[in-house]
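Here is the file input.pdb (PDB, C-alpha atoms and all ligand atoms).
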```pdb
ATOM      1  CA  MET A 994      85.178 208.960  72.137
ATOM      2  CA  SER A 995      83.203 211.914  73.455
ATOM      3  CA  ALA A 996      80.570 212.665  76.039
ATOM      4  CA  GLY A 997      77.010 212.675  74.769
ATOM      5  CA  GLY A 998      75.373 213.970  77.945
ATOM      6  CA  ASN A 999      73.675 211.818  80.601
ATOM      7  CA  GLY A1000      76.990 209.953  81.010
ATOM      8  CA  ILE A1001      76.600 208.481  77.526
ATOM      9  CA  VAL A1002      79.869 207.731  75.692
ATOM     10  CA  LEU A1003      79.758 208.492  71.952
ATOM     11  CA  LYS A1004      82.053 206.471  69.669
ATOM     12  CA  ASP A1005      83.940 207.633  66.591
ATOM     13  CA  ALA A1006      84.271 205.579  63.404
ATOM     14  CA  ARG A1007      87.456 203.842  64.579
ATOM     15  CA  GLU A1008      85.819 202.727  67.800
ATOM     16  CA  ILE A1009      82.723 201.517  65.992
ATOM     17  CA  GLU A1010      84.946 199.329  63.803
ATOM     18  CA  LYS A1011      86.546 197.855  66.949
ATOM     19  CA  LEU A1012      83.101 197.157  68.371
ATOM     20  CA  ARG A1013      82.116 195.568  65.063
ATOM     21  CA  ARG A1014      85.006 193.111  65.393
ATOM     22  CA  SER A1015      83.937 192.181  68.922
ATOM     23  CA  ALA A1016      80.317 191.905  67.796
ATOM     24  CA  ARG A1017      81.286 189.687  64.895
ATOM     25  CA  LEU A1018      83.267 187.344  67.121
ATOM     26  CA  VAL A1019      80.366 186.989  69.570
ATOM     27  CA  ARG A1020      77.975 186.200  66.766
ATOM     28  CA  GLU A1021      80.344 183.726  65.132
ATOM     29  CA  ILE A1022      80.682 181.795  68.397
ATOM     30  CA  LEU A1023      76.950 181.990  69.170
ATOM     31  CA  GLU A1024      76.196 180.412  65.783
ATOM     32  CA  GLU A1025      78.616 177.590  66.547
ATOM     33  CA  VAL A1026      76.865 177.012  69.869
ATOM     34  CA  ARG A1027      73.447 177.124  68.227
ATOM     35  CA  ALA A1028      74.588 174.378  65.845
ATOM     36  CA  ARG A1029      75.433 172.201  68.861
ATOM     37  CA  LEU A1030      71.946 172.317  70.409
ATOM     38  CA  GLN A1031      70.686 168.738  70.396
ATOM     39  CA  PRO A1032      68.855 166.452  72.789
ATOM     40  CA  GLY A1033      71.338 164.956  75.275
ATOM     41  CA  VAL A1034      73.890 167.768  75.093
ATOM     42  CA  GLN A1035      74.931 169.186  78.479
ATOM     43  CA  THR A1036      74.958 172.964  78.739
ATOM     44  CA  ILE A1037      78.474 172.818  80.240
ATOM     45  CA  GLU A1038      79.679 171.307  76.943
ATOM     46  CA  LEU A1039      78.539 174.507  75.233
ATOM     47  CA  GLU A1040      80.539 176.537  77.776
ATOM     48  CA  ARG A1041      83.656 174.434  77.052
ATOM     49  CA  HIS A1042      83.316 175.143  73.348
ATOM     50  CA  VAL A1043      83.058 178.882  74.007
ATOM     51  CA  GLU A1044      86.131 178.804  76.276
ATOM     52  CA  LYS A1045      88.204 177.163  73.556
ATOM     53  CA  ARG A1046      86.987 179.528  70.843
ATOM     54  CA  LEU A1047      87.738 182.627  72.911
ATOM     55  CA  GLU A1048      91.253 181.445  73.545
ATOM     56  CA  LEU A1049      91.763 180.718  69.854
ATOM     57  CA  ALA A1050      90.524 184.219  68.979
ATOM     58  CA  GLY A1051      92.725 185.896  71.594
ATOM     59  CA  ALA A1052      89.620 187.296  73.296
ATOM     60  CA  LYS A1053      88.495 187.343  76.924
ATOM     61  CA  PRO A1054      85.046 186.459  78.266
ATOM     62  CA  ALA A1055      83.057 189.517  79.335
ATOM     63  CA  PHE A1056      80.735 187.751  81.776
ATOM     64  CA  LYS A1057      83.120 185.442  83.653
ATOM     65  CA  GLY A1058      84.015 187.222  86.896
ATOM     66  CA  TYR A1059      81.504 190.017  86.247
ATOM     67  CA  ARG A1060      79.991 190.435  89.725
ATOM     68  CA  GLY A1061      81.141 186.882  90.326
ATOM     69  CA  TYR A1062      79.335 185.230  87.381
ATOM     70  CA  PRO A1063      81.135 181.874  86.982
ATOM     71  CA  CYS A1064      81.020 181.232  83.198
ATOM     72  CA  CYS A1065      81.633 182.728  79.739
ATOM     73  CA  LEU A1066      78.177 181.837  78.450
ATOM     74  CA  CYS A1067      74.639 182.054  79.853
ATOM     75  CA  THR A1068      72.364 179.136  78.961
ATOM     76  CA  SER A1069      68.754 179.789  79.971
ATOM     77  CA  VAL A1070      66.290 176.960  79.322
ATOM     78  CA  ASN A1071      62.494 177.354  78.935
ATOM     79  CA  GLU A1072      61.197 179.302  81.987
ATOM     80  CA  GLU A1073      64.712 180.625  82.657
ATOM     81  CA  ILE A1074      64.752 184.194  81.349
ATOM     82  CA  LEU A1075      68.477 184.874  81.525
ATOM     83  CA  HIS A1076      71.727 184.302  83.427
ATOM     84  CA  GLY A1077      71.258 180.511  83.471
ATOM     85  CA  ILE A1078      74.589 178.959  84.470
ATOM     86  CA  PRO A1079      75.955 176.135  82.273
ATOM     87  CA  SER A1080      75.845 172.814  84.127
ATOM     88  CA  SER A1081      75.525 169.058  83.696
ATOM     89  CA  ARG A1082      71.869 169.604  82.725
ATOM     90  CA  ARG A1083      71.065 167.778  79.502
ATOM     91  CA  LEU A1084      68.960 169.475  76.854
ATOM     92  CA  LYS A1085      65.904 167.625  75.649
ATOM     93  CA  GLU A1086      63.678 167.702  72.593
ATOM     94  CA  GLY A1087      61.224 170.599  72.831
ATOM     95  CA  ASP A1088      63.421 172.858  75.004
ATOM     96  CA  ILE A1089      64.096 176.452  74.003
ATOM     97  CA  VAL A1090      67.534 177.686  75.005
ATOM     98  CA  GLY A1091      68.636 181.283  75.464
ATOM     99  CA  LEU A1092      72.328 181.702  74.624
ATOM    100  CA  ASP A1093      73.909 184.952  75.826
ATOM    101  CA  LEU A1094      77.599 185.711  75.261
ATOM    102  CA  GLY A1095      79.904 188.642  75.963
ATOM    103  CA  VAL A1096      83.524 189.044  74.853
ATOM    104  CA  VAL A1097      86.327 191.569  75.169
ATOM    105  CA  LEU A1098      88.531 191.907  72.101
ATOM    106  CA  ASP A1099      91.189 194.616  71.911
ATOM    107  CA  SER A1100      89.558 196.389  74.915
ATOM    108  CA  TYR A1101      86.110 196.607  73.260
ATOM    109  CA  TYR A1102      83.088 194.606  74.359
ATOM    110  CA  GLY A1103      80.754 192.475  72.292
ATOM    111  CA  ASP A1104      77.421 191.231  73.679
ATOM    112  CA  SER A1105      74.663 189.308  71.928
ATOM    113  CA  ALA A1106      71.976 186.739  72.619
ATOM    114  CA  LEU A1107      69.561 184.480  70.793
ATOM    115  CA  THR A1108      67.058 181.814  71.744
ATOM    116  CA  ALA A1109      66.924 178.609  69.728
ATOM    117  CA  PRO A1110      64.945 175.359  69.720
ATOM    118  CA  VAL A1111      66.171 171.872  70.579
ATOM    119  CA  GLY A1112      64.585 169.600  67.984
ATOM    120  CA  LYS A1113      60.864 170.055  67.492
ATOM    121  CA  ILE A1114      59.158 172.594  69.767
ATOM    122  CA  SER A1115      55.495 173.443  70.444
ATOM    123  CA  GLY A1116      53.578 175.888  68.272
ATOM    124  CA  GLU A1117      53.278 178.258  71.240
ATOM    125  CA  ALA A1118      57.067 178.187  71.787
ATOM    126  CA  GLU A1119      57.583 178.897  68.062
ATOM    127  CA  ARG A1120      55.270 181.889  68.342
ATOM    128  CA  LEU A1121      57.112 183.187  71.424
ATOM    129  CA  LEU A1122      60.475 183.015  69.630
ATOM    130  CA  GLY A1123      58.970 184.777  66.607
ATOM    131  CA  VAL A1124      57.471 187.608  68.660
ATOM    132  CA  ALA A1125      60.641 188.197  70.735
ATOM    133  CA  LYS A1126      62.769 188.231  67.583
ATOM    134  CA  GLU A1127      60.423 190.543  65.721
ATOM    135  CA  ALA A1128      60.255 192.835  68.773
ATOM    136  CA  LEU A1129      64.052 193.192  68.536
ATOM    137  CA  GLU A1130      63.761 194.047  64.827
ATOM    138  CA  LEU A1131      61.209 196.741  65.709
ATOM    139  CA  ALA A1132      63.578 198.073  68.381
ATOM    140  CA  ILE A1133      66.375 198.268  65.802
ATOM    141  CA  GLY A1134      64.030 200.078  63.411
ATOM    142  CA  GLU A1135      63.497 202.803  66.030
ATOM    143  CA  ALA A1136      67.255 203.232  66.624
ATOM    144  CA  HIS A1137      67.751 206.314  64.475
ATOM    145  CA  LEU A1138      68.505 209.997  64.884
ATOM    146  CA  GLY A1139      65.509 212.087  65.909
ATOM    147  CA  ASN A1140      64.194 209.352  68.203
ATOM    148  CA  ARG A1141      64.530 208.866  71.944
ATOM    149  CA  VAL A1142      65.154 205.747  73.998
ATOM    150  CA  GLY A1143      61.454 205.715  74.907
ATOM    151  CA  ASP A1144      60.533 205.211  71.242
ATOM    152  CA  ILE A1145      62.482 201.931  71.257
ATOM    153  CA  SER A1146      60.940 200.878  74.576
ATOM    154  CA  ALA A1147      57.376 201.689  73.554
ATOM    155  CA  ALA A1148      57.704 199.871  70.222
ATOM    156  CA  VAL A1149      58.866 196.677  71.958
ATOM    157  CA  GLN A1150      56.260 196.775  74.719
ATOM    158  CA  GLY A1151      53.389 197.605  72.379
ATOM    159  CA  PHE A1152      54.182 194.788  69.972
ATOM    160  CA  VAL A1153      54.816 192.163  72.656
ATOM    161  CA  GLU A1154      51.674 192.955  74.637
ATOM    162  CA  LYS A1155      49.529 193.136  71.495
ATOM    163  CA  ASN A1156      50.601 189.535  70.933
ATOM    164  CA  GLY A1157      49.480 188.511  74.437
ATOM    165  CA  PHE A1158      52.971 188.156  75.902
ATOM    166  CA  SER A1159      54.822 190.216  78.568
ATOM    167  CA  VAL A1160      58.065 192.177  78.738
ATOM    168  CA  VAL A1161      60.489 191.760  81.634
ATOM    169  CA  ARG A1162      61.047 194.943  83.692
ATOM    170  CA  GLU A1163      64.036 194.029  85.866
ATOM    171  CA  PHE A1164      66.568 193.683  83.042
ATOM    172  CA  VAL A1165      67.237 196.205  80.295
ATOM    173  CA  GLY A1166      69.334 196.860  77.223
ATOM    174  CA  HIS A1167      72.358 199.140  77.601
ATOM    175  CA  GLY A1168      75.091 201.184  76.010
ATOM    176  CA  ILE A1169      78.274 199.207  75.268
ATOM    177  CA  GLY A1170      81.859 200.129  74.452
ATOM    178  CA  ARG A1171      84.976 199.847  76.592
ATOM    179  CA  ALA A1172      82.597 198.661  79.314
ATOM    180  CA  LEU A1173      79.942 195.954  79.113
ATOM    181  CA  HIS A1174      77.250 198.152  80.583
ATOM    182  CA  GLU A1175      77.237 201.855  79.737
ATOM    183  CA  GLU A1176      74.518 204.491  79.763
ATOM    184  CA  PRO A1177      71.803 204.721  78.618
ATOM    185  CA  GLN A1178      69.615 201.936  79.946
ATOM    186  CA  VAL A1179      67.129 200.753  77.333
ATOM    187  CA  PRO A1180      64.023 199.224  78.965
ATOM    188  CA  ASN A1181      61.566 197.065  77.035
ATOM    189  CA  TYR A1182      58.699 199.167  78.369
ATOM    190  CA  GLY A1183      58.132 202.900  78.282
ATOM    191  CA  ARG A1184      56.633 205.859  76.498
ATOM    192  CA  ARG A1185      57.244 207.388  73.098
ATOM    193  CA  GLY A1186      59.031 210.726  73.192
ATOM    194  CA  HIS A1187      60.586 210.056  76.615
ATOM    195  CA  GLY A1188      64.148 209.247  77.693
ATOM    196  CA  PRO A1189      67.534 210.304  76.280
ATOM    197  CA  GLN A1190      67.806 211.422  72.654
ATOM    198  CA  LEU A1191      69.596 209.048  70.294
ATOM    199  CA  LYS A1192      72.816 210.630  69.011
ATOM    200  CA  GLU A1193      75.297 209.742  66.308
ATOM    201  CA  GLY A1194      78.017 207.505  67.782
ATOM    202  CA  MET A1195      75.862 205.828  70.430
ATOM    203  CA  VAL A1196      76.220 202.054  70.466
ATOM    204  CA  LEU A1197      73.353 200.187  72.129
ATOM    205  CA  ALA A1198      72.969 196.543  73.093
ATOM    206  CA  LEU A1199      69.225 196.158  72.523
ATOM    207  CA  GLU A1200      67.821 193.059  74.203
ATOM    208  CA  THR A1201      64.238 191.865  74.183
ATOM    209  CA  MET A1202      63.238 189.577  77.056
ATOM    210  CA  VAL A1203      59.729 188.251  76.543
ATOM    211  CA  THR A1204      57.633 185.837  78.615
ATOM    212  CA  ALA A1205      54.676 183.798  77.402
ATOM    213  CA  GLY A1206      52.830 184.527  80.697
ATOM    214  CA  GLY A1207      53.124 187.346  83.224
ATOM    215  CA  PRO A1208      56.131 189.668  83.635
ATOM    216  CA  GLU A1209      57.040 188.699  87.225
ATOM    217  CA  LEU A1210      60.310 186.915  87.847
ATOM    218  CA  ARG A1211      62.218 185.208  90.626
ATOM    219  CA  ILE A1212      65.938 184.673  91.121
ATOM    220  CA  MET A1213      66.967 181.073  91.842
ATOM    221  CA  PRO A1214      69.067 180.123  94.899
ATOM    222  CA  ASP A1215      72.209 180.155  92.683
ATOM    223  CA  HIS A1216      71.747 184.002  92.862
ATOM    224  CA  TRP A1217      71.873 184.276  89.065
ATOM    225  CA  THR A1218      69.228 182.370  87.150
ATOM    226  CA  ALA A1219      66.139 184.547  86.592
ATOM    227  CA  VAL A1220      62.972 182.496  86.029
ATOM    228  CA  THR A1221      59.371 183.476  85.369
ATOM    229  CA  ALA A1222      57.268 183.431  88.561
ATOM    230  CA  ASP A1223      54.467 181.606  86.718
ATOM    231  CA  GLY A1224      56.782 179.048  85.065
ATOM    232  CA  SER A1225      55.942 180.263  81.567
ATOM    233  CA  ASN A1226      58.440 179.999  78.719
ATOM    234  CA  THR A1227      60.666 182.946  77.817
ATOM    235  CA  ALA A1228      62.788 184.174  74.913
ATOM    236  CA  HIS A1229      65.744 186.571  74.745
ATOM    237  CA  PHE A1230      67.380 188.161  71.694
ATOM    238  CA  GLU A1231      70.124 190.796  71.710
ATOM    239  CA  HIS A1232      71.893 192.787  68.992
ATOM    240  CA  MET A1233      74.436 195.630  69.138
ATOM    241  CA  VAL A1234      73.375 198.658  67.130
ATOM    242  CA  ALA A1235      75.333 201.818  66.298
ATOM    243  CA  ILE A1236      73.318 205.013  65.753
ATOM    244  CA  THR A1237      74.555 206.601  62.507
ATOM    245  CA  ARG A1238      73.363 209.362  60.199
ATOM    246  CA  ASN A1239      72.509 206.573  57.735
ATOM    247  CA  GLY A1240      70.266 204.793  60.231
ATOM    248  CA  PRO A1241      70.836 201.817  62.522
ATOM    249  CA  ASP A1242      74.030 199.833  61.882
ATOM    250  CA  VAL A1243      73.630 196.364  63.407
ATOM    251  CA  LEU A1244      77.193 195.469  64.406
ATOM    252  CA  THR A1245      76.270 191.898  65.351
ATOM    253  CA  ARG A1246      74.916 191.284  61.870
ATOM    254  CA  GLU A1247      78.295 191.353  60.143
ATOM    255  CA  TRP A1248      78.715 187.626  60.554
ATOM    256  CA  ASP A1249      75.328 186.870  58.977
ATOM    257  CA  LYS A1250      76.443 188.940  55.966
ATOM    258  CA  VAL A1251      79.714 187.003  55.716
ATOM    259  CA  ARG A1252      77.796 183.731  55.763
ATOM    260  CA  ALA A1253      75.447 184.983  53.068
ATOM    261  CA  GLY A1254      78.541 185.551  50.902
ATOM    262  CA  HIS A1255      78.578 189.362  50.735
TER     263      HIS A1255
HETATM  264  N1  LIG Q1301      73.630 190.240  78.199
HETATM  265  C1  LIG Q1301      73.509 190.292  79.638
HETATM  266  C2  LIG Q1301      73.718 191.684  80.116
HETATM  267  O1  LIG Q1301      74.051 192.535  79.345
HETATM  268  C3  LIG Q1301      74.385 189.275  80.264
HETATM  269  C4  LIG Q1301      75.128 189.634  81.482
HETATM  270  S1  LIG Q1301      75.725 188.199  82.242
HETATM  271  C5  LIG Q1301      76.724 188.730  83.476
HETATM  272  O2  LIG Q1301      73.497 191.998  81.280
HETATM  273  F1  LIG Q1301      77.214 187.694  84.039
HETATM  274  F2  LIG Q1301      77.669 189.450  82.982
HETATM  275  F3  LIG Q1301      76.038 189.464  84.315
HETATM  276 CO    CO Q1302      73.558 192.772  77.253
END
```
Show me the file's structure as structure tokens.
Ligand code: MF3
Ligand code: CO
Amino acid sequence: MSAGGNGIVLKDAREIEKLRRSARLVREILEEVRARLQPGVQTIELERHVEKRLELAGAKPAFKGYRGYPCCLCTSVNEEILHGIPSSRRLKEGDIVGLDLGVVLDSYYGDSALTAPVGKISGEAERLLGVAKEALELAIGEAHLGNRVGDISAAVQGFVEKNGFSVVREFVGHGIGRALHEEPQVPNYGRRGHGPQLKEGMVLALETMVTAGGPELRIMPDHWTAVTADGSNTAHFEHMVAITRNGPDVLTREWDKVRAGH
């Protein structure tokens, strides 16, 4: 671990491997939750599954207790952008559900999110998921030496807005390591060539939060759930990426590789 300027903590190879283990666990559990998305399922049942899996893995939830957040998992449905609290709410056909999970394993944090359909969804919802996911891939593609944070931000904003959707301003991606939220902040809007330089050993949780309508949001009376002001649908995807001399190393992708049999 070393200081990268601007309060940014750079990680050495050993620490990146620890973060990869945390990232892999998050992704493994998220995939199990995704497989449970069906009409009639209560979001609290998804939380219970996560609780059990974390215990089995000897890991701690990163979100539970964070500023008083009550659960391990965030389940954000349709117009809920993020920080939806699992409850007795039952999912129904056509919903899109954001699943956001953070863990602590061996003192290192893992954080990842995806948005997935419940049964058959509308063509517009399909397009929203596609754009938010592709925006995250573009963000990852910009996460290399020689670039700045603003290059990531501008790529996401440009692509999302070109597709007629909006990026959320109030929530941002972040550094991650022995803390859930480290410097730098990584907004989904900004200008090329601006912001901190990307350095070898930075690990970023890049998260695209995209709305089908305008960018304005409201916080619900539960003090957590962020919803679009215009009631439009939203999608959220998040990956952890290490900046290396060989380009972006997507730590949360390890599990996908394992599943593919590599
Ligand atoms: N992935 C989100 C983030 O990095 C989730 C945080 S939920 C909270 O901010 F409860 F921890 F706030
Ligand atoms: Co995050």
**Request:** Could you please give me, as a PyMOL selection string, the residues of protein, DNA or RNA lying at most 10 Å from (60.9, 193.1, 67.7) in the coordinate frame of the file, considering only C-alpha atoms?
**Result:** chain A and resi 1123-1134+1145+1148-1153+1200-1201+1230
Generate a file of the selected residues that holds C-alpha atoms, formatted as a compact mmCIF listing (two decimals), keeping the file's coordinate frame.
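The result, written out as again-v5.txt:
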```
# COMPACT_ATOMS: atom_id res chain seq x y z
CA GLY A 1123 58.97 184.78 66.61
CA VAL A 1124 57.47 187.61 68.66
CA ALA A 1125 60.64 188.20 70.74
CA LYS A 1126 62.77 188.23 67.58
CA GLU A 1127 60.42 190.54 65.72
CA ALA A 1128 60.26 192.84 68.77
CA LEU A 1129 64.05 193.19 68.54
CA GLU A 1130 63.76 194.05 64.83
CA LEU A 1131 61.21 196.74 65.71
CA ALA A 1132 63.58 198.07 68.38
CA ILE A 1133 66.38 198.27 65.80
CA GLY A 1134 64.03 200.08 63.41
CA ILE A 1145 62.48 201.93 71.26
CA ALA A 1148 57.70 199.87 70.22
CA VAL A 1149 58.87 196.68 71.96
CA GLN A 1150 56.26 196.78 74.72
CA GLY A 1151 53.39 197.60 72.38
CA PHE A 1152 54.18 194.79 69.97
CA VAL A 1153 54.82 192.16 72.66
CA GLU A 1200 67.82 193.06 74.20
CA THR A 1201 64.24 191.86 74.18
CA PHE A 1230 67.38 188.16 71.69
```
Legend entry - Long-range neighbours of segment 1029-1045 of chain A as a PyMOL selection string, 10 Å cut-off, only C-alpha atoms, 5 positions minimum in chain: chain A and resi 1019+1022-1024+1050+1052-1054+1064-1070+1077-1090+1092+1094+1109-1112
Which residues form the shell of 8 Å around ligand CO 1302 (chain Q) when you count only C-alpha atoms and all ligand atoms, given as a list in words?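 Result of the 8 Å neighbour search around ligand CO 1302 (chain Q): Asp1093, Gly1095, Asp1104, Ser1105, Ala1106, Val1165, Gly1166, His1167, Leu1173, His1174, Ala1198, Leu1199, Glu1200 and Glu1231 of chain A.
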Would you work out the distance separating atom CA of Tyr1102 of chain A from atom CA of Ala1219 of chain A, expressed in Å to one decimal?
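Atom-to-atom, atom CA of Tyr1102 of chain A and atom CA of Ala1219 of chain A are spaced 23.2 Å apart.
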| said: Between atom CA of Ala1235 of chain A and atom CA of Arg1013 of chain A, what is the distance in Å, rounded to a tenth? | reply: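 Spanning atom CA of Ala1235 of chain A to atom CA of Arg1013 of chain A is a straight-line distance of 9.3 Å.
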What box, with edges along x, y and z, holds each listed atom of ligand LIG 1301 (chain Q) when 8 Å is added on every side, and can you state its centre and edge lengths in Å to one decimal, as AutoDock Vina command-line options?
```
--center_x 75.6 --center_y 190.1 --center_z 81.3 --size_x 20.2 --size_y 20.8 --size_z 22.1
```
What separates atom CA of Asp1223 of chain A and atom CA of Phe1164 of chain A is a distance of 17.5 Å
Would you list the contacts of segment 1213-1215 of chain A as JSON, numbers by chain, taking every protein, DNA or RNA residue within 12 Å and counting all atoms listed in the file, but skipping same-chain residues closer than 3 positions in sequence?
{"A": [1061, 1062, 1063, 1072, 1073, 1074, 1075, 1076, 1077, 1078, 1079, 1080, 1210, 1218, 1219, 1220, 1221, 1222]}
Residues within 10 Å of Pro1177 of chain A, only C-alpha atoms, excluding chain neighbours under 2 positions, as a list in words
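Within the cut-off, the hits are Gly998, Asn999, Gly1000, Ile1001, Val1002, Val1142, Val1165, Gly1166, His1167, Gly1168, Ile1169, His1174, Glu1175, Val1179, Pro1180, Gly1188, Pro1189, Gln1190, Leu1191, Met1195, Val1196, Leu1197 and Ala1198 of chain A.
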